[in-house]
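Trainee: I have a structure here, written as structure tokens, and I will follow up with some questions on it.
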Amino acid sequence: MECRPLTRLIVISNRVQAPTAEQPGAQGGLAVALTAALRETNGIWFGWSGEAGETEAPRFVTYDGVTSATIDLPEQDVEEYYDGYANRTLWPLFHYRLDLTEFERDFQGGYERVNQVFGDVIGPHIRPDDLVWVHDYHLIPLGWLLRRQGLENRIGFFLHIPWPPTKLLTALPHHRRLVDALFAYDVIGFQTREWLETFHDYVIHEMNGEIGADGTITVGSRTIRAIACPIGIDAQDFVVSRDSEEALATHARMVESSIGRSLIVGVDRLDYSKGLEERFSGYQRYLETRPGAHAHVYLLQIAPPSRASVQSYQDIRAQLDALSGRINGAFADIDWVPLRYVNHGYPRAVLAGIYRAARVGLVTPLRDGMNLVAKEYVAAQDPDDPGVLILSRFAGAAAQMDGAVLINPYSADDIADAIERALTMPLEERIARWRPMYENVMREDVTWWRRRFTDVLEQAPAGGRAL
Ligand code: G6P
């Protein structure tokens with residue numbers, strides 16, 4: 001039983017995903033984990049409503065014991081902060097896509113302005129002993145702005161995406177200013193050791209900082225902690241979805257519509273970081289080089305569009321439309337479509353049924369902070385007859401999902417070979433690979449992640465946090 005008084009948790013992210021009366025079940029795994037902690041501690045989740053409009057005092061809504069507080073942002077802020085600096089500058093840069101990174105002074109101005117607005121609006125609602133947890137690349141400077149208001153709370157930051165190599169990051173104008181702001185936090189979290197180590201590299205080479213054996217990082221007079229803390233899926237909730245009527249019905253529907261053909265599945269936001277073009281090319285290579293497999297296999301790619309106002313997302317969508325058309329045009333037969341390409345999302349229970357019916361889960365991002373589809377695919381499998389996960393070595397999940405067939409997502413041959421290997425893998429090997437991954441997914445789930453991070457944050461030394 002919990003005896004100590006619970007510290008109130010304040011979560012701040014670009015968008016709020018806490019449940020509301022209108023969308024009671026629409027939240028993802030992250031939201032489920034955080035809302036549990038928010039409910040226990042009477043906490044608040046702050047963020048942008050997703051709507052354009054004049055920014056006013058936050059709208060507080062309490063639903064099912066969880067309080068969310070949202071603000072609108074003027075159109076110009078949405079363009080410069082969200083579409084601009086977050087999604088046209090930081091996102092591509094942090095995913096190693098310097099070629100897609102746009103450097104506009106107005107974007108940086110909008111980013112700093114909106115972070116300031118977040119600080120001004122939220123600051124007055126934070127009590128001295130609240131635990132404050134800021135999420136993701138949209139809000140890196142927020143901790144620093146809160147400190148400037150005199151807040152001495154424990155404030156943590158978690159980066160959900162990769163941390164880029166130093167040489168890439170230094171291409172960003174004012175990169176040092178951005179990283180300096182991170183030192184206002186007490187604890188910063190990364191998905192994997194790899195991103196943590198690339199961060200260390202920046203600290204050593206660009207900031208003349210020191211890395212302590214205990215995970216502390218000192219730059220000048222500031223000492224903070226930086227940890228690797230991989231996010232997981234909401235395992236309990238996923239199991240409920242997986243075993244639901246809806247999942248079973250979807251599974252039956254998929255088996256029936258597959259008519260004995262092996263299903264390969266991919267599920268991704270339509271984003272260039274997911275390596276979808278390369279995946280389609282890898283599948284095309286498989287079909288070119290294995291004519292005997294035709295009509296015995298098909299790929300179902302589910303890719304709901306994302307960030308559609310950004311040009312690079314419109315481009316990748318057009319390229320995939322063309323490529324999927326070419327693949328089907330070249331290989332389809334009167335009674336076989338090799339690629340089913342679907343541009344909308346499905347509820348989790350439906351996805352669970354699809355994952356279970358799939359012999360192969362194809363998860364091939366060019367870079368990904370973590371990738372929870374890989375973990376959901378594993379969680380959905382039949383223990384007596386599990387499918388095979390093919391996973392990019394450049395996804396954060398590869399560090400934990402070591403039973404996957406790891407591939408280089410840039411290599412069409414690698415993907416083609418892995419598909420063949422997965423489809424012909426003996427049952428014994430499939431089980432031996434799957435079981436430890438399943439145990440990991442169930443153990444290191446999203447609640448484990450949240451507790452691990454907030455435990456470290458709660459233990460961060462008090463005092464000395466003024467800048
Ligand atoms: C990634 C980011 C999240 C973001 C999500 C969806 O997972 O790390 O912060 O919320 O993509 O992107 P969107 O731009 O639609 O919020």
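Each chain of the structure tokens is named A, B, ... in the order shown, its residues numbered from 1; ligands are numbered from 1 in display order.
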Per residue of chain A within 10 Å of ligand 1, record the nearest atom pair and its distance in Å to one decimal, counting only C-alpha atoms and all ligand atoms, with rows in chain order and ascending residue number, as CSV.
Mentor:
residue,atom,partner,partner_atom_place_in_ligand_line,distance
A:Ser13,CA,ligand 1,9 (O),7.7
A:Asn14,CA,ligand 1,9 (O),7.1
A:Arg15,CA,ligand 1,16 (O),6.5
A:Val16,CA,ligand 1,10 (O),9.1
A:Gln17,CA,ligand 1,10 (O),9.1
A:Leu30,CA,ligand 1,10 (O),9.9
A:Gly50,CA,ligand 1,16 (O),9.0
A:Tyr82,CA,ligand 1,14 (O),7.7
A:Asp83,CA,ligand 1,14 (O),8.4
A:Ala86,CA,ligand 1,14 (O),8.5
A:Asn87,CA,ligand 1,14 (O),7.3
A:Trp91,CA,ligand 1,2 (C),8.6
A:His135,CA,ligand 1,9 (O),7.4
A:Asp136,CA,ligand 1,9 (O),5.6
A:Tyr137,CA,ligand 1,9 (O),7.1
A:His138,CA,ligand 1,9 (O),7.5
A:Leu139,CA,ligand 1,9 (O),9.9
A:Phe158,CA,ligand 1,8 (O),9.9
A:Leu159,CA,ligand 1,8 (O),7.5
A:His160,CA,ligand 1,8 (O),4.7
A:Ile161,CA,ligand 1,8 (O),5.4
A:Pro162,CA,ligand 1,8 (O),9.2
A:Arg269,CA,ligand 1,6 (C),7.9
A:Asp271,CA,ligand 1,11 (O),9.3
A:Pro305,CA,ligand 1,15 (O),9.3
A:Ser306,CA,ligand 1,15 (O),6.0
A:Arg307,CA,ligand 1,14 (O),5.9
A:Ala308,CA,ligand 1,15 (O),9.5
A:Asp368,CA,ligand 1,7 (O),8.9
A:Gly369,CA,ligand 1,8 (O),7.6
A:Met370,CA,ligand 1,7 (O),8.8
A:Asn371,CA,ligand 1,7 (O),8.3
A:Leu372,CA,ligand 1,7 (O),9.4
Trainee: Restricted to C-alpha atoms, what would the selected residues look like written as a PDB file, in the first residue's frame?
Mentor:
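Full text of result_6.pdb as output:
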ATOM      1  CA  SER A  13       2.944  18.343 -23.932  1.00  0.00           C
ATOM      2  CA  ASN A  14       2.202  19.943 -27.268  1.00  0.00           C
ATOM      3  CA  ARG A  15      -1.157  18.234 -27.504  1.00  0.00           C
ATOM      4  CA  VAL A  16      -3.287  16.935 -24.663  1.00  0.00           C
ATOM      5  CA  GLN A  17      -4.488  13.380 -25.065  1.00  0.00           C
ATOM      6  CA  LEU A  30       1.093   7.281 -23.360  1.00  0.00           C
ATOM      7  CA  GLY A  50      -5.141  21.514 -31.553  1.00  0.00           C
ATOM      8  CA  TYR A  82       3.988  23.503 -34.884  1.00  0.00           C
ATOM      9  CA  ASP A  83       4.134  23.210 -38.692  1.00  0.00           C
ATOM     10  CA  ALA A  86       8.640  21.591 -34.632  1.00  0.00           C
ATOM     11  CA  ASN A  87       7.770  19.741 -37.841  1.00  0.00           C
ATOM     12  CA  TRP A  91      11.587  16.720 -36.608  1.00  0.00           C
ATOM     13  CA  HIS A 135       7.287  16.093 -23.149  1.00  0.00           C
ATOM     14  CA  ASP A 136       9.017  16.155 -26.497  1.00  0.00           C
ATOM     15  CA  TYR A 137      10.761  18.385 -28.988  1.00  0.00           C
ATOM     16  CA  HIS A 138       7.969  20.952 -29.213  1.00  0.00           C
ATOM     17  CA  LEU A 139       8.703  22.233 -25.723  1.00  0.00           C
ATOM     18  CA  PHE A 158      11.417  13.376 -21.920  1.00  0.00           C
ATOM     19  CA  LEU A 159      12.421  13.304 -25.585  1.00  0.00           C
ATOM     20  CA  HIS A 160      10.291  10.826 -27.517  1.00  0.00           C
ATOM     21  CA  ILE A 161      12.355  11.077 -30.713  1.00  0.00           C
ATOM     22  CA  PRO A 162      16.065  10.381 -31.410  1.00  0.00           C
ATOM     23  CA  ARG A 269       1.809   7.270 -39.467  1.00  0.00           C
ATOM     24  CA  ASP A 271       5.830   9.991 -42.271  1.00  0.00           C
ATOM     25  CA  PRO A 305      -1.905  10.657 -43.194  1.00  0.00           C
ATOM     26  CA  SER A 306      -0.141  12.974 -40.778  1.00  0.00           C
ATOM     27  CA  ARG A 307       0.899  16.677 -40.680  1.00  0.00           C
ATOM     28  CA  ALA A 308      -0.709  17.165 -44.070  1.00  0.00           C
ATOM     29  CA  ASP A 368      12.614   6.133 -34.900  1.00  0.00           C
ATOM     30  CA  GLY A 369      12.869   7.174 -31.261  1.00  0.00           C
ATOM     31  CA  MET A 370      11.207   3.913 -30.172  1.00  0.00           C
ATOM     32  CA  ASN A 371       8.367   2.474 -32.349  1.00  0.00           C
ATOM     33  CA  LEU A 372       5.502   0.979 -30.411  1.00  0.00           C
TER      34      LEU A 372
END
Trainee: Per DSSP on the backbone, filter region 187-323 of chain A down to the residues in alpha helix (DSSP H) and report them as a PyMOL selection string.
Mentor: chain A and resi 193-207+235-242+245-258+276-289+311-323
Trainee: Write out as a VMD selection string which residues come within 10 Å of Thr41 (chain A) when counting only C-alpha atoms, dropping same-chain ones fewer than 6 positions away.
Mentor: chain A and resid 5 to 10 35 65 to 66 130
Trainee: Mind checking which residues fall within 10 Å of Ile211 (chain A), counting only C-alpha atoms, ignoring those fewer than 3 positions away in the same chain, and posting them as a list in words?
Mentor: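 Here the answer would be His200, Asp201, Val203, Ile204, Asp214, Gly215, Thr216, Ile217, Thr218, Val219, Thr223, Ile224, Arg225 and Ala226 of chain A.
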Trainee: Which residue out of A:Tyr185, A:Ile431, A:Gly212, A:Ile12 has the minimum interatomic distance to Ile126 (chain A) when only C-alpha atoms are used?
Mentor: A:Ile12
Trainee: Using only C-alpha atoms, find the one residue out of A:Gly282, A:Pro141, A:Pro173, A:Gly53 that sits nearest to Leu299 (chain A).
Mentor: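 Distance minimum relative to Leu299 (chain A) lands on A:Gly282.
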Trainee: Skipping near chain neighbours, those fewer than 3 positions away, what residues fall within 12 Å of Leu172 (chain A) using only C-alpha atoms, listed as a list in words?
Mentor: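 Once the adjacent positions are removed, what remains is Tyr85, Thr89, Leu90, Trp91, Pro92, Leu93, Phe94, Leu98, Thr101, Glu102, Phe103, Glu104, Arg105, Gln108, Pro164, Pro165, Thr166, Lys167, Leu168, Leu169, His175, Arg176, Arg177, Leu178 and Val179 of chain A.
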Trainee: Restricting it to N, CA, C and O atoms, dump the selection as a compact mmCIF listing (two decimals), in the first residue's frame.
Mentor:
# COMPACT_ATOMS: atom_id res chain seq x y z
N TYR A 85 8.78 25.26 -36.84
CA TYR A 85 9.99 24.82 -36.14
C TYR A 85 9.91 23.37 -35.66
O TYR A 85 10.88 22.61 -35.79
N THR A 89 11.61 21.86 -38.95
CA THR A 89 13.01 22.04 -38.56
C THR A 89 13.47 20.89 -37.65
O THR A 89 14.27 20.04 -38.04
N LEU A 90 12.91 20.84 -36.43
CA LEU A 90 13.44 19.86 -35.47
C LEU A 90 13.15 18.41 -35.86
O LEU A 90 14.03 17.55 -35.76
N TRP A 91 11.92 18.13 -36.30
CA TRP A 91 11.59 16.72 -36.61
C TRP A 91 12.54 16.14 -37.66
O TRP A 91 13.17 15.10 -37.42
N PRO A 92 12.65 16.78 -38.85
CA PRO A 92 13.57 16.18 -39.84
C PRO A 92 15.01 16.15 -39.35
O PRO A 92 15.70 15.14 -39.54
N LEU A 93 15.45 17.21 -38.71
CA LEU A 93 16.86 17.25 -38.27
C LEU A 93 17.14 16.13 -37.26
O LEU A 93 18.14 15.42 -37.36
N PHE A 94 16.23 15.95 -36.30
CA PHE A 94 16.45 14.93 -35.28
C PHE A 94 16.27 13.52 -35.84
O PHE A 94 16.68 12.55 -35.21
N LEU A 98 18.67 16.06 -42.83
CA LEU A 98 19.13 17.43 -43.07
C LEU A 98 18.60 17.94 -44.40
O LEU A 98 18.34 19.13 -44.58
N THR A 101 15.32 19.50 -43.80
CA THR A 101 15.24 20.46 -42.70
C THR A 101 15.20 21.89 -43.25
O THR A 101 16.01 22.25 -44.09
N GLU A 102 14.23 22.65 -42.76
CA GLU A 102 14.11 24.05 -43.20
C GLU A 102 14.53 24.97 -42.07
O GLU A 102 14.11 24.79 -40.92
N PHE A 103 15.37 25.92 -42.40
CA PHE A 103 15.87 26.85 -41.39
C PHE A 103 15.28 28.23 -41.65
O PHE A 103 15.71 28.91 -42.58
N GLU A 104 14.28 28.59 -40.90
CA GLU A 104 13.63 29.90 -41.09
C GLU A 104 13.65 30.62 -39.75
O GLU A 104 13.19 30.07 -38.74
N ARG A 105 14.10 31.86 -39.77
CA ARG A 105 14.15 32.61 -38.52
C ARG A 105 12.75 32.76 -37.89
O ARG A 105 12.60 32.71 -36.69
N GLN A 108 11.81 29.81 -35.72
CA GLN A 108 12.43 29.82 -34.39
C GLN A 108 11.74 30.84 -33.50
O GLN A 108 11.48 30.59 -32.32
N PRO A 164 19.99 13.72 -32.26
CA PRO A 164 20.84 13.59 -33.46
C PRO A 164 22.32 13.66 -33.15
O PRO A 164 22.72 14.21 -32.12
N PRO A 165 23.15 13.13 -34.05
CA PRO A 165 24.60 13.24 -33.88
C PRO A 165 25.03 14.71 -33.84
O PRO A 165 24.40 15.57 -34.47
N THR A 166 26.10 14.97 -33.12
CA THR A 166 26.55 16.35 -32.90
C THR A 166 26.74 17.11 -34.20
O THR A 166 26.32 18.26 -34.33
N LYS A 167 27.36 16.45 -35.17
CA LYS A 167 27.64 17.16 -36.43
C LYS A 167 26.36 17.58 -37.15
O LYS A 167 26.35 18.57 -37.88
N LEU A 168 25.31 16.81 -36.99
CA LEU A 168 24.03 17.22 -37.58
C LEU A 168 23.42 18.37 -36.80
O LEU A 168 22.95 19.35 -37.37
N LEU A 169 23.45 18.23 -35.50
CA LEU A 169 22.79 19.25 -34.66
C LEU A 169 23.45 20.62 -34.82
O LEU A 169 22.78 21.65 -34.76
N HIS A 175 21.92 26.28 -32.14
CA HIS A 175 21.75 24.97 -31.49
C HIS A 175 22.14 25.01 -30.03
O HIS A 175 21.52 24.38 -29.18
N ARG A 176 23.16 25.78 -29.71
CA ARG A 176 23.65 25.82 -28.33
C ARG A 176 22.58 26.39 -27.39
O ARG A 176 22.41 25.93 -26.26
N ARG A 177 21.86 27.36 -27.91
CA ARG A 177 20.78 27.98 -27.12
C ARG A 177 19.72 26.93 -26.76
O ARG A 177 19.21 26.88 -25.64
N LEU A 178 19.40 26.09 -27.73
CA LEU A 178 18.39 25.04 -27.52
C LEU A 178 18.87 24.04 -26.46
O LEU A 178 18.13 23.67 -25.56
N VAL A 179 20.13 23.62 -26.60
CA VAL A 179 20.63 22.60 -25.67
C VAL A 179 20.87 23.21 -24.28
O VAL A 179 20.60 22.55 -23.27
Trainee: Residues of region 55-245 of chain A classed as strand (DSSP E) by DSSP on the backbone are to be reported as an NGL selection string.
Mentor: :A and (59-63 or 66-73 or 131-135 or 154-158 or 187-190 or 210-211 or 216-219 or 222-228)
Trainee: For the selection just defined, write its residues with N, CA, C and O atoms to a file, as a compact mmCIF listing (two decimals), in the first residue's frame.
Mentor:
# COMPACT_ATOMS: atom_id res chain seq x y z
N ARG A 59 -8.56 26.25 -20.60
CA ARG A 59 -9.88 25.67 -20.30
C ARG A 59 -9.66 24.39 -19.51
O ARG A 59 -9.06 23.43 -20.03
N PHE A 60 -10.13 24.38 -18.30
CA PHE A 60 -9.97 23.20 -17.44
C PHE A 60 -11.18 22.30 -17.60
O PHE A 60 -12.32 22.76 -17.51
N VAL A 61 -10.92 21.02 -17.83
CA VAL A 61 -12.01 20.05 -17.93
C VAL A 61 -11.61 18.84 -17.10
O VAL A 61 -10.50 18.32 -17.26
N THR A 62 -12.48 18.43 -16.20
CA THR A 62 -12.19 17.20 -15.45
C THR A 62 -13.14 16.12 -15.93
O THR A 62 -14.36 16.31 -15.92
N TYR A 63 -12.55 15.04 -16.41
CA TYR A 63 -13.36 13.93 -16.90
C TYR A 63 -12.79 12.65 -16.33
O TYR A 63 -11.58 12.41 -16.44
N VAL A 66 -9.65 12.94 -14.23
CA VAL A 66 -8.41 13.51 -14.80
C VAL A 66 -8.69 14.92 -15.31
O VAL A 66 -9.66 15.15 -16.05
N THR A 67 -7.84 15.84 -14.92
CA THR A 67 -8.04 17.23 -15.34
C THR A 67 -7.12 17.56 -16.49
O THR A 67 -5.91 17.33 -16.42
N SER A 68 -7.70 18.09 -17.56
CA SER A 68 -6.87 18.59 -18.64
C SER A 68 -7.10 20.09 -18.75
O SER A 68 -8.16 20.60 -18.35
N ALA A 69 -6.10 20.79 -19.25
CA ALA A 69 -6.20 22.25 -19.39
C ALA A 69 -5.60 22.60 -20.74
O ALA A 69 -4.43 22.30 -21.00
N THR A 70 -6.41 23.17 -21.61
CA THR A 70 -5.93 23.43 -22.97
C THR A 70 -6.05 24.90 -23.35
O THR A 70 -6.91 25.61 -22.83
N ILE A 71 -5.18 25.29 -24.27
CA ILE A 71 -5.27 26.63 -24.84
C ILE A 71 -5.32 26.51 -26.37
O ILE A 71 -4.81 25.54 -26.93
N ASP A 72 -5.91 27.51 -27.01
CA ASP A 72 -5.85 27.61 -28.46
C ASP A 72 -4.60 28.42 -28.83
O ASP A 72 -4.06 29.14 -27.99
N LEU A 73 -4.17 28.30 -30.07
CA LEU A 73 -3.03 29.10 -30.54
C LEU A 73 -3.43 29.82 -31.82
O LEU A 73 -4.09 29.23 -32.69
N LEU A 131 5.32 18.00 -9.12
CA LEU A 131 6.33 17.38 -9.99
C LEU A 131 5.92 17.73 -11.42
O LEU A 131 4.80 17.45 -11.83
N VAL A 132 6.84 18.36 -12.17
CA VAL A 132 6.46 18.85 -13.50
C VAL A 132 7.18 18.00 -14.55
O VAL A 132 8.40 17.80 -14.46
N TRP A 133 6.42 17.50 -15.54
CA TRP A 133 7.03 16.63 -16.57
C TRP A 133 6.66 17.16 -17.96
O TRP A 133 5.50 17.11 -18.35
N VAL A 134 7.67 17.66 -18.67
CA VAL A 134 7.48 18.24 -20.00
C VAL A 134 7.86 17.19 -21.05
O VAL A 134 8.86 16.48 -20.89
N HIS A 135 7.06 17.13 -22.13
CA HIS A 135 7.29 16.09 -23.15
C HIS A 135 7.62 16.65 -24.52
O HIS A 135 6.90 17.50 -25.04
N ARG A 154 10.85 20.32 -8.99
CA ARG A 154 11.55 19.32 -9.80
C ARG A 154 10.85 19.29 -11.17
O ARG A 154 9.64 19.07 -11.24
N ILE A 155 11.63 19.53 -12.20
CA ILE A 155 11.07 19.55 -13.55
C ILE A 155 11.83 18.55 -14.42
O ILE A 155 13.07 18.61 -14.48
N GLY A 156 11.11 17.66 -15.06
CA GLY A 156 11.73 16.66 -15.93
C GLY A 156 11.34 16.87 -17.37
O GLY A 156 10.32 17.50 -17.66
N PHE A 157 12.15 16.33 -18.27
CA PHE A 157 11.86 16.43 -19.71
C PHE A 157 12.11 15.07 -20.34
O PHE A 157 13.12 14.42 -20.05
N PHE A 158 11.19 14.63 -21.20
CA PHE A 158 11.42 13.38 -21.92
C PHE A 158 11.35 13.63 -23.42
O PHE A 158 10.40 14.23 -23.92
N VAL A 187 16.00 16.37 -14.63
CA VAL A 187 16.23 15.06 -15.25
C VAL A 187 15.77 15.14 -16.70
O VAL A 187 14.69 15.66 -16.98
N ILE A 188 16.61 14.64 -17.62
CA ILE A 188 16.13 14.50 -18.99
C ILE A 188 16.22 13.03 -19.39
O ILE A 188 17.18 12.33 -19.05
N GLY A 189 15.20 12.58 -20.09
CA GLY A 189 15.11 11.16 -20.45
C GLY A 189 15.15 10.97 -21.95
O GLY A 189 14.56 11.76 -22.70
N PHE A 190 15.86 9.92 -22.38
CA PHE A 190 15.92 9.52 -23.79
C PHE A 190 15.39 8.10 -23.89
O PHE A 190 15.41 7.35 -22.92
N GLU A 210 30.94 17.68 -18.41
CA GLU A 210 31.49 16.44 -17.87
C GLU A 210 30.38 15.45 -17.56
O GLU A 210 29.33 15.83 -17.04
N ILE A 211 30.66 14.19 -17.87
CA ILE A 211 29.68 13.13 -17.61
C ILE A 211 30.16 12.38 -16.37
O ILE A 211 31.26 11.82 -16.36
N THR A 216 25.16 11.72 -13.91
CA THR A 216 24.99 13.18 -13.86
C THR A 216 25.79 13.84 -14.97
O THR A 216 26.78 13.29 -15.48
N ILE A 217 25.35 15.00 -15.35
CA ILE A 217 26.04 15.78 -16.38
C ILE A 217 26.25 17.18 -15.83
O ILE A 217 25.30 17.81 -15.35
N THR A 218 27.47 17.64 -15.89
CA THR A 218 27.75 18.98 -15.37
C THR A 218 28.26 19.88 -16.48
O THR A 218 29.19 19.52 -17.22
N VAL A 219 27.61 21.01 -16.62
CA VAL A 219 28.07 22.05 -17.54
C VAL A 219 28.09 23.34 -16.74
O VAL A 219 27.04 23.77 -16.23
N ARG A 222 25.83 24.02 -13.49
CA ARG A 222 24.61 23.21 -13.47
C ARG A 222 24.93 21.72 -13.55
O ARG A 222 25.68 21.28 -14.42
N THR A 223 24.32 20.94 -12.66
CA THR A 223 24.43 19.48 -12.75
C THR A 223 23.03 18.91 -12.86
O THR A 223 22.16 19.22 -12.04
N ILE A 224 22.82 18.10 -13.89
CA ILE A 224 21.50 17.47 -14.07
C ILE A 224 21.71 15.97 -14.27
O ILE A 224 22.86 15.51 -14.39
N ARG A 225 20.63 15.23 -14.33
CA ARG A 225 20.74 13.79 -14.64
C ARG A 225 20.14 13.53 -16.01
O ARG A 225 19.10 14.12 -16.36
N ALA A 226 20.78 12.67 -16.77
CA ALA A 226 20.22 12.26 -18.07
C ALA A 226 20.18 10.74 -18.08
O ALA A 226 21.17 10.09 -17.76
N ILE A 227 19.03 10.19 -18.43
CA ILE A 227 18.87 8.73 -18.37
C ILE A 227 18.29 8.19 -19.67
O ILE A 227 17.64 8.91 -20.42
N ALA A 228 18.53 6.90 -19.90
CA ALA A 228 17.86 6.18 -20.99
C ALA A 228 16.70 5.43 -20.34
O ALA A 228 16.90 4.70 -19.36
